[in-house]
Amino acid sequence: MREHAREVRNEMEKTIKCVVWDLDETIWSGTLLEGDDVVLREGIGSVIKKLDERGILQSLASKNDFDVAWPQIRRFGLDEYFLYPQVHWRSKAVSITEIAGSLNIWKDTVAFVDDQPFEREEVRFHHPEVLCIDAADALKIPGMPRMQPRFVTKDSRIRRKMYLDEIRRREVEETFEGPQDASLETLEMKMSIGPALAGDLRRAEELTVRTNQLNTTGVTYSYEELDRFRRSSDYMLLITGLEDRFGSYGKIGLALIETRGETWIIRLLLMSCRVMARGVGAVFINQIRLMAREAGVSLRAEFKVTERNRLMYMTYKFSRFREVENREGRVLMECDLAEIPPHPSYVQVVSTCGEG
C-alpha cells in the first residue's frame, strides 16, 4: 500500500498547472505581423477548453502587438481562458517568468507550446524545468500524462474563475486608501473550518500535491492515505474553505493532527498560496490552538525546512510556537496556549469541529 501511495504521489507531483501558448502558427494558422488573415487551428479550441475543464490554467507568450492580437483572440471566443497574457516583443523566457510569478506557481509546473524550435530552445535554456512542446503536437496535449490530474474536483472546474476573482480583488486593494485591516474588512470574508468529509478527500489530496510553498512538512498524501486518517480515532483531518463578496476561494487549507495521548501534534498544515496574504493561515492555526486548549492537551507541530516554505515557519512563530528540537532541518515546535487572541474582525469564522 505504501509503495502504491508513493507511485500515486510521484504521478500527481508531475501534473502541469499552467499551459502557456504562442499565437502565430500555434493557436492560429498564419502570422499577424505579415498581415495574414489568421484562422484558428482545427481542434485547438477543443484542447484549450478540455484543459480548462481539468483545472489547468492557461496563458499566452507571443511576440505580437497586443492591440492587434487580442481582438483576434476575442474573435475566436478564447479571451476568457488566458490569465496574465504576455503579448509583446520581449523574450518568451521573460514572459514565462512573469506568468509563473503572477499565478504564484513554480516553473516546473509550466508547459510552453510554440511552433518555433528557437523559441522553445531559448525557454529551455533559461528554464530547463519548463516542459516545452512543439505546436505540431498541440492536439496530443490532453492525452499527455502530465496533463491528466488524478481527480478533477469541484475546485478544479472553477479554478480559472477563482483566479479571475482574485484579479478583481487585487484591483480593488490597489486603489484602497487606508490600513490593511480596513482593506480586508471590505472583503467580507467568511471562513469555514471543520472535519474533512469523504467528499472532500479528492480536493484534500489535490491540496497536498499542489501546495509546495505553504506546506509545513512538504509531505503529500494520496486519497487513500487521507481517508485512513479521516477514519482513525487517533487523528483529526481538518479542511478549511473561504469566500468573500467577490466569490469563493474553494477549499484552501488542510491540517492533519495526531490526537492520541496528552499532546496533539500537527503532522501537516498547508494553505493555498492564493489566500496567505489574507491572514487566514494564522486564523486556521488559532482555531486548532483553541481546540487543543478546550481538550486540555498540549500542542506541538512538526516542521520540515524546505527552500519554499519559510513563510509557514514564520506563521507558526507568530502564533507562539517555539522550537524544542531541530535535527538537520526536521523541527519540532511547541505552542503556548495560555493566551490565544480572538479571530480578527475582518473574517467571520464558522467552525464545525465539534460536530460529527
# chains A, B, ... in the order shown; residues from 1 in each chain; ligands from 1
call {"tool": "select_by_dssp", "arguments": {"residues": "segment 89-328 of chain A", "states": "helix (DSSP H, G or I)", "output": "MDAnalysis selection string"}}
result
chainID A and resid 92:103 107:109 117:126 135:143 145:147 154:157 159:175 180:185 198:210 223:231 276:278 280:295 310:318
call {"tool": "write_last_selection", "arguments": {"atoms": "C-alpha atoms", "output": "short mmCIF file (atom, residue, chain, number, x, y, z; two decimals), in the first residue's frame"}}
result
data_model
loop_
_atom_site.label_atom_id
_atom_site.label_comp_id
_atom_site.auth_asym_id
_atom_site.auth_seq_id
_atom_site.Cartn_x
_atom_site.Cartn_y
_atom_site.Cartn_z
CA LYS A 92 9.30 34.46 -24.09
CA ALA A 93 11.52 33.27 -21.27
CA VAL A 94 10.79 36.59 -19.56
CA SER A 95 7.09 36.13 -20.30
CA ILE A 96 7.05 32.74 -18.60
CA THR A 97 8.74 34.23 -15.53
CA GLU A 98 6.04 36.92 -15.43
CA ILE A 99 3.20 34.40 -15.81
CA ALA A 100 4.51 31.98 -13.18
CA GLY A 101 5.07 34.88 -10.78
CA SER A 102 1.59 36.29 -11.32
CA LEU A 103 -0.02 32.88 -10.81
CA LYS A 107 8.06 26.94 -13.29
CA ASP A 108 8.40 23.17 -13.05
CA THR A 109 4.59 23.04 -13.29
CA PRO A 117 12.40 25.49 -32.28
CA PHE A 118 14.42 28.62 -31.46
CA GLU A 119 11.76 29.90 -29.05
CA ARG A 120 11.45 26.52 -27.35
CA GLU A 121 15.22 26.22 -27.01
CA GLU A 122 15.51 29.71 -25.54
CA VAL A 123 12.87 28.91 -22.93
CA ARG A 124 14.50 25.54 -22.22
CA PHE A 125 17.88 27.24 -21.77
CA HIS A 126 16.61 29.78 -19.24
CA ALA A 135 2.95 23.19 -31.66
CA ALA A 136 2.74 20.31 -34.16
CA ASP A 137 1.83 18.13 -31.17
CA ALA A 138 -0.76 20.53 -29.74
CA LEU A 139 -3.71 18.21 -30.36
CA LYS A 140 -1.94 15.49 -28.37
CA ILE A 141 -1.65 17.66 -25.26
CA PRO A 142 -4.81 16.42 -23.45
CA GLY A 143 -3.54 12.86 -23.75
CA PRO A 145 0.24 12.05 -18.73
CA ARG A 146 1.26 15.36 -17.14
CA MET A 147 -1.95 16.96 -18.42
CA LYS A 154 -15.22 21.00 -7.92
CA ASP A 155 -12.41 23.44 -7.18
CA SER A 156 -10.57 22.31 -10.32
CA ARG A 157 -13.53 23.13 -12.54
CA ARG A 159 -10.03 27.34 -10.82
CA ARG A 160 -9.84 29.88 -13.64
CA LYS A 161 -12.82 31.76 -12.23
CA MET A 162 -11.18 31.85 -8.81
CA TYR A 163 -8.07 33.42 -10.34
CA LEU A 164 -10.20 35.96 -12.21
CA ASP A 165 -11.94 36.81 -8.92
CA GLU A 166 -8.51 37.29 -7.36
CA ILE A 167 -7.52 39.73 -10.10
CA ARG A 168 -10.61 41.78 -9.26
CA ARG A 169 -9.72 41.72 -5.56
CA ARG A 170 -6.22 42.96 -6.28
CA GLU A 171 -7.55 45.80 -8.41
CA VAL A 172 -9.77 46.92 -5.53
CA GLU A 173 -6.96 46.58 -2.98
CA GLU A 174 -4.52 48.57 -5.10
CA THR A 175 -6.90 51.54 -5.13
CA GLN A 180 -4.55 46.68 5.53
CA ASP A 181 -7.06 45.54 8.15
CA ALA A 182 -9.53 48.11 6.87
CA SER A 183 -8.99 46.84 3.34
CA LEU A 184 -9.58 43.25 4.48
CA GLU A 185 -12.79 44.34 6.22
CA ALA A 198 -15.49 11.76 2.30
CA GLY A 199 -16.50 14.23 -0.41
CA ASP A 200 -13.56 16.49 0.49
CA LEU A 201 -10.82 13.89 0.03
CA ARG A 202 -10.15 14.44 -3.67
CA ARG A 203 -9.61 18.12 -3.04
CA ALA A 204 -7.57 17.32 0.08
CA GLU A 205 -5.25 15.14 -2.00
CA GLU A 206 -5.02 17.87 -4.62
CA LEU A 207 -4.09 20.42 -1.95
CA THR A 208 -1.19 18.31 -0.66
CA VAL A 209 0.13 17.93 -4.22
CA ARG A 210 -0.34 21.49 -5.47
CA TYR A 223 -6.68 9.93 -1.33
CA GLU A 224 -6.39 6.50 0.30
CA GLU A 225 -3.97 7.68 2.97
CA LEU A 226 -6.10 10.70 3.80
CA ASP A 227 -9.19 8.50 4.06
CA ARG A 228 -7.44 6.27 6.60
CA PHE A 229 -6.50 9.31 8.68
CA ARG A 230 -10.05 10.63 8.43
CA ARG A 231 -11.46 7.37 9.76
CA MET A 276 -2.00 33.61 2.64
CA ALA A 277 -1.90 37.39 2.24
CA ARG A 278 -5.43 37.46 3.72
CA VAL A 280 -6.17 33.27 7.23
CA GLY A 281 -3.22 30.96 7.94
CA ALA A 282 -2.96 32.37 11.45
CA VAL A 283 -6.74 32.09 11.84
CA PHE A 284 -6.60 28.38 10.98
CA ILE A 285 -3.79 27.81 13.48
CA ASN A 286 -5.63 29.78 16.18
CA GLN A 287 -8.69 27.56 15.73
CA ILE A 288 -6.51 24.49 16.29
CA ARG A 289 -4.97 26.13 19.37
CA LEU A 290 -8.44 26.83 20.77
CA MET A 291 -9.48 23.21 20.18
CA ALA A 292 -6.35 21.89 21.93
CA ARG A 293 -6.86 24.13 24.94
CA GLU A 294 -10.51 23.12 25.18
CA ALA A 295 -9.46 19.44 25.05
CA ARG A 310 9.78 29.68 5.20
CA LEU A 311 6.55 31.69 5.32
CA MET A 312 4.82 28.80 7.09
CA TYR A 313 7.63 28.69 9.66
CA MET A 314 7.10 32.39 10.37
CA THR A 315 3.35 31.81 10.64
CA TYR A 316 3.99 29.25 13.36
CA LYS A 317 6.37 31.63 15.14
CA PHE A 318 3.83 34.46 15.08
#
call {"tool": "residues_around", "arguments": {"residues": "Gly218 of chain A", "least_positions_apart": "3", "cutoff": "10 Å", "atoms": "only C-alpha atoms", "output": "list in words"}}
result
Thr208, Val209, Thr211, Asn212, Gln213, Leu214, Asn215, Leu268, Leu269, Leu270, Phe303, Lys304, Val305, Thr306, Arg308 and Asn309 of chain A
call {"tool": "write_last_selection", "arguments": {"atoms": "C-alpha atoms", "output": "short mmCIF file (atom, residue, chain, number, x, y, z; two decimals), in the first residue's frame"}}
result
data_model
loop_
_atom_site.label_atom_id
_atom_site.label_comp_id
_atom_site.auth_asym_id
_atom_site.auth_seq_id
_atom_site.Cartn_x
_atom_site.Cartn_y
_atom_site.Cartn_z
CA THR A 208 -1.19 18.31 -0.66
CA VAL A 209 0.13 17.93 -4.22
CA THR A 211 0.78 23.29 -2.30
CA ASN A 212 4.58 23.41 -2.05
CA GLN A 213 5.37 26.87 -0.73
CA LEU A 214 2.93 26.86 2.18
CA ASN A 215 3.26 23.24 3.30
CA LEU A 268 0.79 18.63 8.37
CA LEU A 269 -0.52 22.15 7.87
CA LEU A 270 -0.88 23.77 4.49
CA PHE A 303 8.07 21.30 10.55
CA LYS A 304 10.49 20.31 7.83
CA VAL A 305 12.59 23.14 6.41
CA THR A 306 12.48 23.38 2.60
CA ARG A 308 9.91 27.02 -0.35
CA ASN A 309 8.12 27.05 2.99
#
call {"tool": "residues_around", "arguments": {"residues": "segment 28-44 of chain A", "least_positions_apart": "6", "cutoff": "12 Å", "atoms": "only C-alpha atoms", "output": "ChimeraX atom specification"}}
result
/A:21-22,50-51,62-78,89,113-115,135-142
call {"tool": "atom_distance", "arguments": {"atom1": "atom CA of Ile252 of chain A", "atom2": "atom CA of Ile193 of chain A"}}
result
10.3 Å
call {"tool": "closest_residue", "arguments": {"among": "A:Thr153, A:Asn326, A:Thr240, A:Gln86", "to": "Ser192 of chain A", "atoms": "only C-alpha atoms"}}
result
A:Thr240
call {"tool": "closest_residue", "arguments": {"among": "A:Ser222, A:Ser46, A:Thr216, A:Ser233", "to": "Gly253 of chain A", "atoms": "only C-alpha atoms"}}
result
A:Thr216
call {"tool": "select_by_dssp", "arguments": {"residues": "segment 7-186 of chain A", "states": "strand (DSSP E)", "output": "PyMOL selection string"}}
result
chain A and resi 18-21+28-29+39-40+57-63+86-88+110-114+131-134
call {"tool": "atom_distance", "arguments": {"atom1": "atom CA of Val19 of chain A", "atom2": "atom CA of Leu60 of chain A"}}
result
8.4 Å
call {"tool": "atom_distance", "arguments": {"atom1": "atom CA of Cys18 of chain A", "atom2": "atom CA of Leu57 of chain A"}}
result
4.4 Å
call {"tool": "closest_residue", "arguments": {"among": "A:Gln148, A:Gln58, A:Ser319, A:Ser298", "to": "Pro85 of chain A", "atoms": "only C-alpha atoms"}}
result
A:Gln58
call {"tool": "decode", "arguments": {"residues": "segment 190-233 of chain A", "atoms": "N, CA and C atoms", "output": "PDB file, in the first residue's frame"}}
result
ATOM      1  N   LYS A 190     -15.618  35.040   4.883  1.00  0.00           N
ATOM      2  CA  LYS A 190     -16.237  34.018   5.726  1.00  0.00           C
ATOM      3  C   LYS A 190     -15.415  32.738   5.571  1.00  0.00           C
ATOM      4  N   MET A 191     -14.888  32.240   6.674  1.00  0.00           N
ATOM      5  CA  MET A 191     -14.005  31.081   6.667  1.00  0.00           C
ATOM      6  C   MET A 191     -14.668  29.920   7.385  1.00  0.00           C
ATOM      7  N   SER A 192     -14.735  28.771   6.726  1.00  0.00           N
ATOM      8  CA  SER A 192     -15.309  27.567   7.338  1.00  0.00           C
ATOM      9  C   SER A 192     -14.179  26.617   7.710  1.00  0.00           C
ATOM     10  N   ILE A 193     -14.265  26.023   8.891  1.00  0.00           N
ATOM     11  CA  ILE A 193     -13.272  25.072   9.372  1.00  0.00           C
ATOM     12  C   ILE A 193     -14.017  23.875   9.960  1.00  0.00           C
ATOM     13  N   GLY A 194     -13.679  22.680   9.503  1.00  0.00           N
ATOM     14  CA  GLY A 194     -14.354  21.507  10.019  1.00  0.00           C
ATOM     15  C   GLY A 194     -13.662  20.223   9.612  1.00  0.00           C
ATOM     16  N   PRO A 195     -14.134  19.087  10.115  1.00  0.00           N
ATOM     17  CA  PRO A 195     -13.551  17.798   9.741  1.00  0.00           C
ATOM     18  C   PRO A 195     -13.738  17.550   8.244  1.00  0.00           C
ATOM     19  N   ALA A 196     -12.702  17.006   7.604  1.00  0.00           N
ATOM     20  CA  ALA A 196     -12.818  16.643   6.193  1.00  0.00           C
ATOM     21  C   ALA A 196     -13.803  15.491   6.060  1.00  0.00           C
ATOM     22  N   LEU A 197     -14.721  15.617   5.127  1.00  0.00           N
ATOM     23  CA  LEU A 197     -15.694  14.576   4.849  1.00  0.00           C
ATOM     24  C   LEU A 197     -15.214  13.744   3.663  1.00  0.00           C
ATOM     25  N   ALA A 198     -15.886  12.633   3.413  1.00  0.00           N
ATOM     26  CA  ALA A 198     -15.487  11.763   2.304  1.00  0.00           C
ATOM     27  C   ALA A 198     -15.463  12.536   0.993  1.00  0.00           C
ATOM     28  N   GLY A 199     -16.415  13.448   0.829  1.00  0.00           N
ATOM     29  CA  GLY A 199     -16.497  14.227  -0.409  1.00  0.00           C
ATOM     30  C   GLY A 199     -15.404  15.269  -0.553  1.00  0.00           C
ATOM     31  N   ASP A 200     -14.651  15.501   0.523  1.00  0.00           N
ATOM     32  CA  ASP A 200     -13.562  16.485   0.485  1.00  0.00           C
ATOM     33  C   ASP A 200     -12.213  15.860   0.117  1.00  0.00           C
ATOM     34  N   LEU A 201     -12.118  14.536   0.098  1.00  0.00           N
ATOM     35  CA  LEU A 201     -10.818  13.886   0.025  1.00  0.00           C
ATOM     36  C   LEU A 201     -10.094  14.109  -1.297  1.00  0.00           C
ATOM     37  N   ARG A 202     -10.829  14.175  -2.395  1.00  0.00           N
ATOM     38  CA  ARG A 202     -10.153  14.436  -3.673  1.00  0.00           C
ATOM     39  C   ARG A 202      -9.486  15.804  -3.656  1.00  0.00           C
ATOM     40  N   ARG A 203     -10.194  16.791  -3.148  1.00  0.00           N
ATOM     41  CA  ARG A 203      -9.607  18.125  -3.042  1.00  0.00           C
ATOM     42  C   ARG A 203      -8.483  18.131  -2.019  1.00  0.00           C
ATOM     43  N   ALA A 204      -8.630  17.377  -0.927  1.00  0.00           N
ATOM     44  CA  ALA A 204      -7.572  17.317   0.078  1.00  0.00           C
ATOM     45  C   ALA A 204      -6.295  16.751  -0.532  1.00  0.00           C
ATOM     46  N   GLU A 205      -6.420  15.695  -1.321  1.00  0.00           N
ATOM     47  CA  GLU A 205      -5.251  15.139  -1.999  1.00  0.00           C
ATOM     48  C   GLU A 205      -4.634  16.176  -2.935  1.00  0.00           C
ATOM     49  N   GLU A 206      -5.499  16.851  -3.678  1.00  0.00           N
ATOM     50  CA  GLU A 206      -5.023  17.865  -4.616  1.00  0.00           C
ATOM     51  C   GLU A 206      -4.267  18.970  -3.884  1.00  0.00           C
ATOM     52  N   LEU A 207      -4.756  19.377  -2.723  1.00  0.00           N
ATOM     53  CA  LEU A 207      -4.090  20.420  -1.945  1.00  0.00           C
ATOM     54  C   LEU A 207      -2.680  19.990  -1.531  1.00  0.00           C
ATOM     55  N   THR A 208      -2.526  18.740  -1.102  1.00  0.00           N
ATOM     56  CA  THR A 208      -1.195  18.308  -0.662  1.00  0.00           C
ATOM     57  C   THR A 208      -0.226  18.272  -1.834  1.00  0.00           C
ATOM     58  N   VAL A 209      -0.740  18.019  -3.034  1.00  0.00           N
ATOM     59  CA  VAL A 209       0.126  17.935  -4.216  1.00  0.00           C
ATOM     60  C   VAL A 209       0.460  19.314  -4.765  1.00  0.00           C
ATOM     61  N   ARG A 210      -0.522  20.191  -4.827  1.00  0.00           N
ATOM     62  CA  ARG A 210      -0.344  21.489  -5.468  1.00  0.00           C
ATOM     63  C   ARG A 210       0.334  22.512  -4.562  1.00  0.00           C
ATOM     64  N   THR A 211       0.284  22.290  -3.239  1.00  0.00           N
ATOM     65  CA  THR A 211       0.784  23.291  -2.303  1.00  0.00           C
ATOM     66  C   THR A 211       2.191  22.940  -1.863  1.00  0.00           C
ATOM     67  N   ASN A 212       3.175  23.645  -2.401  1.00  0.00           N
ATOM     68  CA  ASN A 212       4.577  23.411  -2.047  1.00  0.00           C
ATOM     69  C   ASN A 212       5.126  24.507  -1.135  1.00  0.00           C
ATOM     70  N   GLN A 213       4.788  25.751  -1.450  1.00  0.00           N
ATOM     71  CA  GLN A 213       5.366  26.870  -0.725  1.00  0.00           C
ATOM     72  C   GLN A 213       4.841  26.969   0.700  1.00  0.00           C
ATOM     73  N   LEU A 214       3.566  26.662   0.890  1.00  0.00           N
ATOM     74  CA  LEU A 214       2.927  26.856   2.184  1.00  0.00           C
ATOM     75  C   LEU A 214       2.515  25.525   2.778  1.00  0.00           C
ATOM     76  N   ASN A 215       3.452  24.576   2.758  1.00  0.00           N
ATOM     77  CA  ASN A 215       3.255  23.240   3.298  1.00  0.00           C
ATOM     78  C   ASN A 215       4.321  23.043   4.387  1.00  0.00           C
ATOM     79  N   THR A 216       3.898  22.794   5.621  1.00  0.00           N
ATOM     80  CA  THR A 216       4.833  22.804   6.744  1.00  0.00           C
ATOM     81  C   THR A 216       5.829  21.650   6.729  1.00  0.00           C
ATOM     82  N   THR A 217       5.501  20.552   6.063  1.00  0.00           N
ATOM     83  CA  THR A 217       6.418  19.411   6.050  1.00  0.00           C
ATOM     84  C   THR A 217       6.803  18.976   4.640  1.00  0.00           C
ATOM     85  N   GLY A 218       6.157  19.552   3.618  1.00  0.00           N
ATOM     86  CA  GLY A 218       6.449  19.168   2.244  1.00  0.00           C
ATOM     87  C   GLY A 218       5.916  17.803   1.876  1.00  0.00           C
ATOM     88  N   VAL A 219       5.142  17.181   2.771  1.00  0.00           N
ATOM     89  CA  VAL A 219       4.618  15.834   2.533  1.00  0.00           C
ATOM     90  C   VAL A 219       3.358  15.903   1.693  1.00  0.00           C
ATOM     91  N   THR A 220       3.202  14.938   0.794  1.00  0.00           N
ATOM     92  CA  THR A 220       1.956  14.791   0.049  1.00  0.00           C
ATOM     93  C   THR A 220       1.302  13.479   0.456  1.00  0.00           C
ATOM     94  N   TYR A 221      -0.021  13.460   0.430  1.00  0.00           N
ATOM     95  CA  TYR A 221      -0.761  12.260   0.798  1.00  0.00           C
ATOM     96  C   TYR A 221      -1.743  11.903  -0.305  1.00  0.00           C
ATOM     97  N   SER A 222      -1.923  10.621  -0.519  1.00  0.00           N
ATOM     98  CA  SER A 222      -2.895  10.155  -1.504  1.00  0.00           C
ATOM     99  C   SER A 222      -4.291  10.153  -0.896  1.00  0.00           C
ATOM    100  N   TYR A 223      -5.276  10.031  -1.752  1.00  0.00           N
ATOM    101  CA  TYR A 223      -6.676   9.927  -1.335  1.00  0.00           C
ATOM    102  C   TYR A 223      -6.836   8.820  -0.301  1.00  0.00           C
ATOM    103  N   GLU A 224      -6.236   7.666  -0.578  1.00  0.00           N
ATOM    104  CA  GLU A 224      -6.393   6.500   0.302  1.00  0.00           C
ATOM    105  C   GLU A 224      -5.769   6.748   1.671  1.00  0.00           C
ATOM    106  N   GLU A 225      -4.608   7.368   1.694  1.00  0.00           N
ATOM    107  CA  GLU A 225      -3.965   7.679   2.972  1.00  0.00           C
ATOM    108  C   GLU A 225      -4.798   8.670   3.781  1.00  0.00           C
ATOM    109  N   LEU A 226      -5.291   9.691   3.116  1.00  0.00           N
ATOM    110  CA  LEU A 226      -6.104  10.697   3.805  1.00  0.00           C
ATOM    111  C   LEU A 226      -7.390  10.082   4.342  1.00  0.00           C
ATOM    112  N   ASP A 227      -7.964   9.153   3.606  1.00  0.00           N
ATOM    113  CA  ASP A 227      -9.189   8.501   4.059  1.00  0.00           C
ATOM    114  C   ASP A 227      -8.929   7.676   5.323  1.00  0.00           C
ATOM    115  N   ARG A 228      -7.769   7.029   5.391  1.00  0.00           N
ATOM    116  CA  ARG A 228      -7.443   6.267   6.598  1.00  0.00           C
ATOM    117  C   ARG A 228      -7.279   7.201   7.795  1.00  0.00           C
ATOM    118  N   PHE A 229      -6.625   8.346   7.583  1.00  0.00           N
ATOM    119  CA  PHE A 229      -6.501   9.315   8.678  1.00  0.00           C
ATOM    120  C   PHE A 229      -7.871   9.832   9.110  1.00  0.00           C
ATOM    121  N   ARG A 230      -8.725  10.089   8.131  1.00  0.00           N
ATOM    122  CA  ARG A 230     -10.053  10.628   8.426  1.00  0.00           C
ATOM    123  C   ARG A 230     -10.860   9.664   9.284  1.00  0.00           C
ATOM    124  N   ARG A 231     -10.693   8.378   9.044  1.00  0.00           N
ATOM    125  CA  ARG A 231     -11.464   7.365   9.762  1.00  0.00           C
ATOM    126  C   ARG A 231     -10.839   6.987  11.110  1.00  0.00           C
ATOM    127  N   SER A 232      -9.572   7.334  11.302  1.00  0.00           N
ATOM    128  CA  SER A 232      -8.862   6.912  12.506  1.00  0.00           C
ATOM    129  C   SER A 232      -9.274   7.732  13.727  1.00  0.00           C
ATOM    130  N   SER A 233      -9.369   7.056  14.862  1.00  0.00           N
ATOM    131  CA  SER A 233      -9.669   7.762  16.111  1.00  0.00           C
ATOM    132  C   SER A 233      -8.432   8.448  16.683  1.00  0.00           C
TER     133      SER A 233
END
